[in-house]
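Student: Handing you a structure now.
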Amino acid sequence: MWKRVEGYSLYWAAAEKTGTVYLQLDGGGEGNIRRLSRQELAAIGDILRNESPVWFHSTRGDLSTETVPRDEEERI
């Protein structure tokens, strides 16, 4: 189900050279996107900083910047 992203934090694990995005979702939920390269972490960070609204699919882990995601009837 698509949930609107309300907040986020970016984490870079220098020793492992992997990144994680932690998301705070509408309604109090949380999500994350793990095992990102430096470039992927930077790109997702840019999306989260510069686009609005941003949506996260809680079962697939997808991000969308559409006004309302169109591929599902359940929307919050």
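To be explicit about the labels: the chains of the structure tokens are called A, B, and onward in the order shown, and within each one the residues are counted from 1, while ligands get numbers from 1 in the order they are shown.
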Write out as a count of residues only each polymer residue whose atoms come within 9 Å of Ile44 (chain A), counting only C-alpha atoms; drop sequence neighbours fewer than 5 positions from it.
Tutor: 4
Student: List the spatial neighbours of Leu48 (chain A) as a ChimeraX atom specification - criterion: any atom at most 12 Å away, only C-alpha atoms, same-chain residues fewer than 5 positions off excluded.
Tutor: /A:4-10,21-24,41-43,53-56,63-65
Student: Could you take the residues named above and write them with C-alpha atoms, as a CSV table (one decimal), in the first residue's frame?
Tutor:
chain,number,residue,atom,x,y,z
A,4,ARG,CA,3.0,9.4,2.1
A,5,VAL,CA,6.6,10.1,3.3
A,6,GLU,CA,6.5,12.6,6.2
A,7,GLY,CA,10.2,12.6,7.2
A,8,TYR,CA,13.4,10.8,6.5
A,9,SER,CA,17.0,10.3,7.5
A,10,LEU,CA,20.0,9.0,5.5
A,21,VAL,CA,17.2,5.5,4.0
A,22,TYR,CA,14.9,5.5,7.0
A,23,LEU,CA,11.4,6.9,6.3
A,24,GLN,CA,8.7,8.2,8.6
A,41,LEU,CA,21.8,7.1,-1.5
A,42,ALA,CA,22.6,10.5,-3.0
A,43,ALA,CA,19.9,10.2,-5.7
A,53,PRO,CA,4.8,14.7,-2.2
A,54,VAL,CA,6.9,11.5,-2.1
A,55,TRP,CA,5.1,8.1,-1.6
A,56,PHE,CA,6.6,4.8,-0.4
A,63,LEU,CA,9.2,5.4,-4.2
A,64,SER,CA,6.9,7.6,-6.3
A,65,THR,CA,6.7,11.4,-6.7
Student: How many Å lie between CA of Gly45 (chain A) and CA of Ala15 (chain A), rounded to one decimal?
Tutor: 20.3 Å
Student: Among chain A, which ones does DSSP place in alpha helix (DSSP H), written as a ChimeraX atom specification?
Tutor: /A:38-50
Student: Suppose we keep N, CA and C atoms; can you now write the selection as a PDB file, in the first residue's frame?
Tutor:
ATOM      1  N   ARG A  38      26.676   4.544  -2.785  1.00  0.00           N
ATOM      2  CA  ARG A  38      26.812   5.978  -2.515  1.00  0.00           C
ATOM      3  C   ARG A  38      25.966   6.797  -3.494  1.00  0.00           C
ATOM      4  N   GLN A  39      25.978   6.417  -4.772  1.00  0.00           N
ATOM      5  CA  GLN A  39      25.220   7.140  -5.787  1.00  0.00           C
ATOM      6  C   GLN A  39      23.715   6.984  -5.584  1.00  0.00           C
ATOM      7  N   GLU A  40      23.285   5.785  -5.239  1.00  0.00           N
ATOM      8  CA  GLU A  40      21.858   5.552  -5.000  1.00  0.00           C
ATOM      9  C   GLU A  40      21.374   6.340  -3.785  1.00  0.00           C
ATOM     10  N   LEU A  41      22.164   6.338  -2.712  1.00  0.00           N
ATOM     11  CA  LEU A  41      21.803   7.089  -1.512  1.00  0.00           C
ATOM     12  C   LEU A  41      21.681   8.582  -1.825  1.00  0.00           C
ATOM     13  N   ALA A  42      22.627   9.115  -2.596  1.00  0.00           N
ATOM     14  CA  ALA A  42      22.589  10.529  -2.971  1.00  0.00           C
ATOM     15  C   ALA A  42      21.365  10.835  -3.834  1.00  0.00           C
ATOM     16  N   ALA A  43      21.045   9.965  -4.780  1.00  0.00           N
ATOM     17  CA  ALA A  43      19.900  10.192  -5.666  1.00  0.00           C
ATOM     18  C   ALA A  43      18.581  10.173  -4.890  1.00  0.00           C
ATOM     19  N   ILE A  44      18.419   9.207  -3.999  1.00  0.00           N
ATOM     20  CA  ILE A  44      17.188   9.143  -3.206  1.00  0.00           C
ATOM     21  C   ILE A  44      17.112  10.335  -2.260  1.00  0.00           C
ATOM     22  N   GLY A  45      18.241  10.734  -1.678  1.00  0.00           N
ATOM     23  CA  GLY A  45      18.266  11.932  -0.839  1.00  0.00           C
ATOM     24  C   GLY A  45      17.813  13.166  -1.611  1.00  0.00           C
ATOM     25  N   ASP A  46      18.264  13.306  -2.858  1.00  0.00           N
ATOM     26  CA  ASP A  46      17.828  14.430  -3.697  1.00  0.00           C
ATOM     27  C   ASP A  46      16.318  14.400  -3.938  1.00  0.00           C
ATOM     28  N   ILE A  47      15.789  13.218  -4.212  1.00  0.00           N
ATOM     29  CA  ILE A  47      14.338  13.090  -4.420  1.00  0.00           C
ATOM     30  C   ILE A  47      13.586  13.522  -3.165  1.00  0.00           C
ATOM     31  N   LEU A  48      14.011  13.021  -2.016  1.00  0.00           N
ATOM     32  CA  LEU A  48      13.312  13.338  -0.771  1.00  0.00           C
ATOM     33  C   LEU A  48      13.401  14.825  -0.421  1.00  0.00           C
ATOM     34  N   ARG A  49      14.531  15.470  -0.732  1.00  0.00           N
ATOM     35  CA  ARG A  49      14.702  16.899  -0.442  1.00  0.00           C
ATOM     36  C   ARG A  49      13.933  17.793  -1.391  1.00  0.00           C
ATOM     37  N   ASN A  50      13.846  17.388  -2.662  1.00  0.00           N
ATOM     38  CA  ASN A  50      13.378  18.310  -3.694  1.00  0.00           C
ATOM     39  C   ASN A  50      11.999  18.037  -4.264  1.00  0.00           C
TER      40      ASN A  50
END
Student: Please indicate the distance in Å from CA of Glu66 (chain A) to CA of Gly29 (chain A), rounded to one decimal place.
Tutor: 20.0 Å
Student: Go ahead and compute the interatomic distance for CA of Leu36 (chain A) and CA of Gly19 (chain A), in Å to one decimal.
Tutor: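 The value is 4.7 Å.
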Student: When you count only C-alpha atoms, which of these residues is closest to Trp2 (chain A): A:Asp62, A:Thr20, A:Ile33, A:His57?
Tutor: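 Comparing A:Asp62, A:Thr20, A:Ile33, A:His57 against Trp2 (chain A), the winner is A:His57.
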Student: According to DSSP computed on the backbone, where in chain A is there strand (DSSP E)? Give the residues as a VMD selection string.
Tutor: chain A and resid 2 to 13 18 to 25 30 to 36 55 to 57 63 to 64
Student: Keeping only N, CA and C atoms, write the selected residues as a compact mmCIF listing (two decimals), in the first residue's frame.
Tutor:
# COMPACT_ATOMS: atom_id res chain seq x y z
N TRP A 2 0.50 2.26 -0.73
CA TRP A 2 1.23 3.53 -0.77
C TRP A 2 0.98 4.34 0.48
N LYS A 3 2.05 4.85 1.07
CA LYS A 3 1.98 5.74 2.24
C LYS A 3 2.80 6.98 1.93
N ARG A 4 2.30 8.12 2.33
CA ARG A 4 3.01 9.37 2.10
C ARG A 4 4.21 9.49 3.05
N VAL A 5 5.37 9.91 2.52
CA VAL A 5 6.56 10.09 3.33
C VAL A 5 6.47 11.43 4.04
N GLU A 6 6.56 11.40 5.36
CA GLU A 6 6.46 12.62 6.18
C GLU A 6 7.83 13.10 6.66
N GLY A 7 8.81 12.21 6.72
CA GLY A 7 10.16 12.57 7.16
C GLY A 7 11.11 11.46 6.79
N TYR A 8 12.40 11.76 6.88
CA TYR A 8 13.39 10.76 6.49
C TYR A 8 14.73 11.06 7.15
N SER A 9 15.60 10.05 7.16
CA SER A 9 17.00 10.25 7.53
C SER A 9 17.84 9.33 6.66
N LEU A 10 19.05 9.79 6.36
CA LEU A 10 19.99 9.04 5.53
C LEU A 10 21.12 8.54 6.42
N TYR A 11 21.55 7.30 6.21
CA TYR A 11 22.62 6.72 7.01
C TYR A 11 23.64 6.08 6.08
N TRP A 12 24.91 6.40 6.26
CA TRP A 12 25.99 5.80 5.48
C TRP A 12 26.89 5.00 6.42
N ALA A 13 27.03 3.71 6.19
CA ALA A 13 27.92 2.85 6.97
C ALA A 13 29.26 2.81 6.24
N THR A 18 27.83 1.00 2.50
CA THR A 18 26.43 0.87 2.10
C THR A 18 25.60 1.94 2.81
N GLY A 19 24.51 2.32 2.17
CA GLY A 19 23.62 3.32 2.74
C GLY A 19 22.24 2.78 3.01
N THR A 20 21.54 3.46 3.91
CA THR A 20 20.16 3.13 4.24
C THR A 20 19.37 4.42 4.34
N VAL A 21 18.15 4.40 3.83
CA VAL A 21 17.22 5.51 3.99
C VAL A 21 16.14 5.04 4.95
N TYR A 22 15.94 5.78 6.04
CA TYR A 22 14.87 5.51 7.00
C TYR A 22 13.76 6.51 6.75
N LEU A 23 12.53 6.02 6.63
CA LEU A 23 11.38 6.86 6.30
C LEU A 23 10.37 6.87 7.43
N GLN A 24 9.84 8.04 7.72
CA GLN A 24 8.70 8.17 8.62
C GLN A 24 7.48 8.39 7.72
N LEU A 25 6.49 7.53 7.87
CA LEU A 25 5.34 7.53 6.98
C LEU A 25 4.11 8.10 7.66
N GLU A 30 6.71 3.28 9.52
CA GLU A 30 8.10 3.46 9.13
C GLU A 30 8.42 2.56 7.96
N GLY A 31 9.43 2.95 7.21
CA GLY A 31 9.92 2.14 6.11
C GLY A 31 11.40 2.36 5.96
N ASN A 32 12.06 1.51 5.18
CA ASN A 32 13.48 1.72 4.91
C ASN A 32 13.85 1.13 3.57
N ILE A 33 14.93 1.66 3.03
CA ILE A 33 15.51 1.16 1.79
C ILE A 33 16.98 0.92 2.12
N ARG A 34 17.42 -0.31 2.02
CA ARG A 34 18.76 -0.71 2.50
C ARG A 34 19.69 -1.12 1.36
N ARG A 35 20.96 -1.26 1.74
CA ARG A 35 22.04 -1.74 0.87
C ARG A 35 22.17 -0.89 -0.40
N LEU A 36 22.22 0.43 -0.20
CA LEU A 36 22.35 1.35 -1.32
C LEU A 36 23.81 1.73 -1.55
N TRP A 55 5.87 9.28 -2.08
CA TRP A 55 5.13 8.13 -1.58
C TRP A 55 6.04 6.91 -1.52
N PHE A 56 5.80 6.04 -0.53
CA PHE A 56 6.56 4.80 -0.35
C PHE A 56 5.58 3.64 -0.36
N HIS A 57 5.87 2.62 -1.15
CA HIS A 57 5.01 1.43 -1.17
C HIS A 57 5.50 0.49 -0.07
N LEU A 63 9.43 3.96 -4.43
CA LEU A 63 9.16 5.38 -4.19
C LEU A 63 8.46 5.95 -5.40
N SER A 64 7.59 6.93 -5.18
CA SER A 64 6.90 7.63 -6.26
C SER A 64 6.78 9.10 -5.91
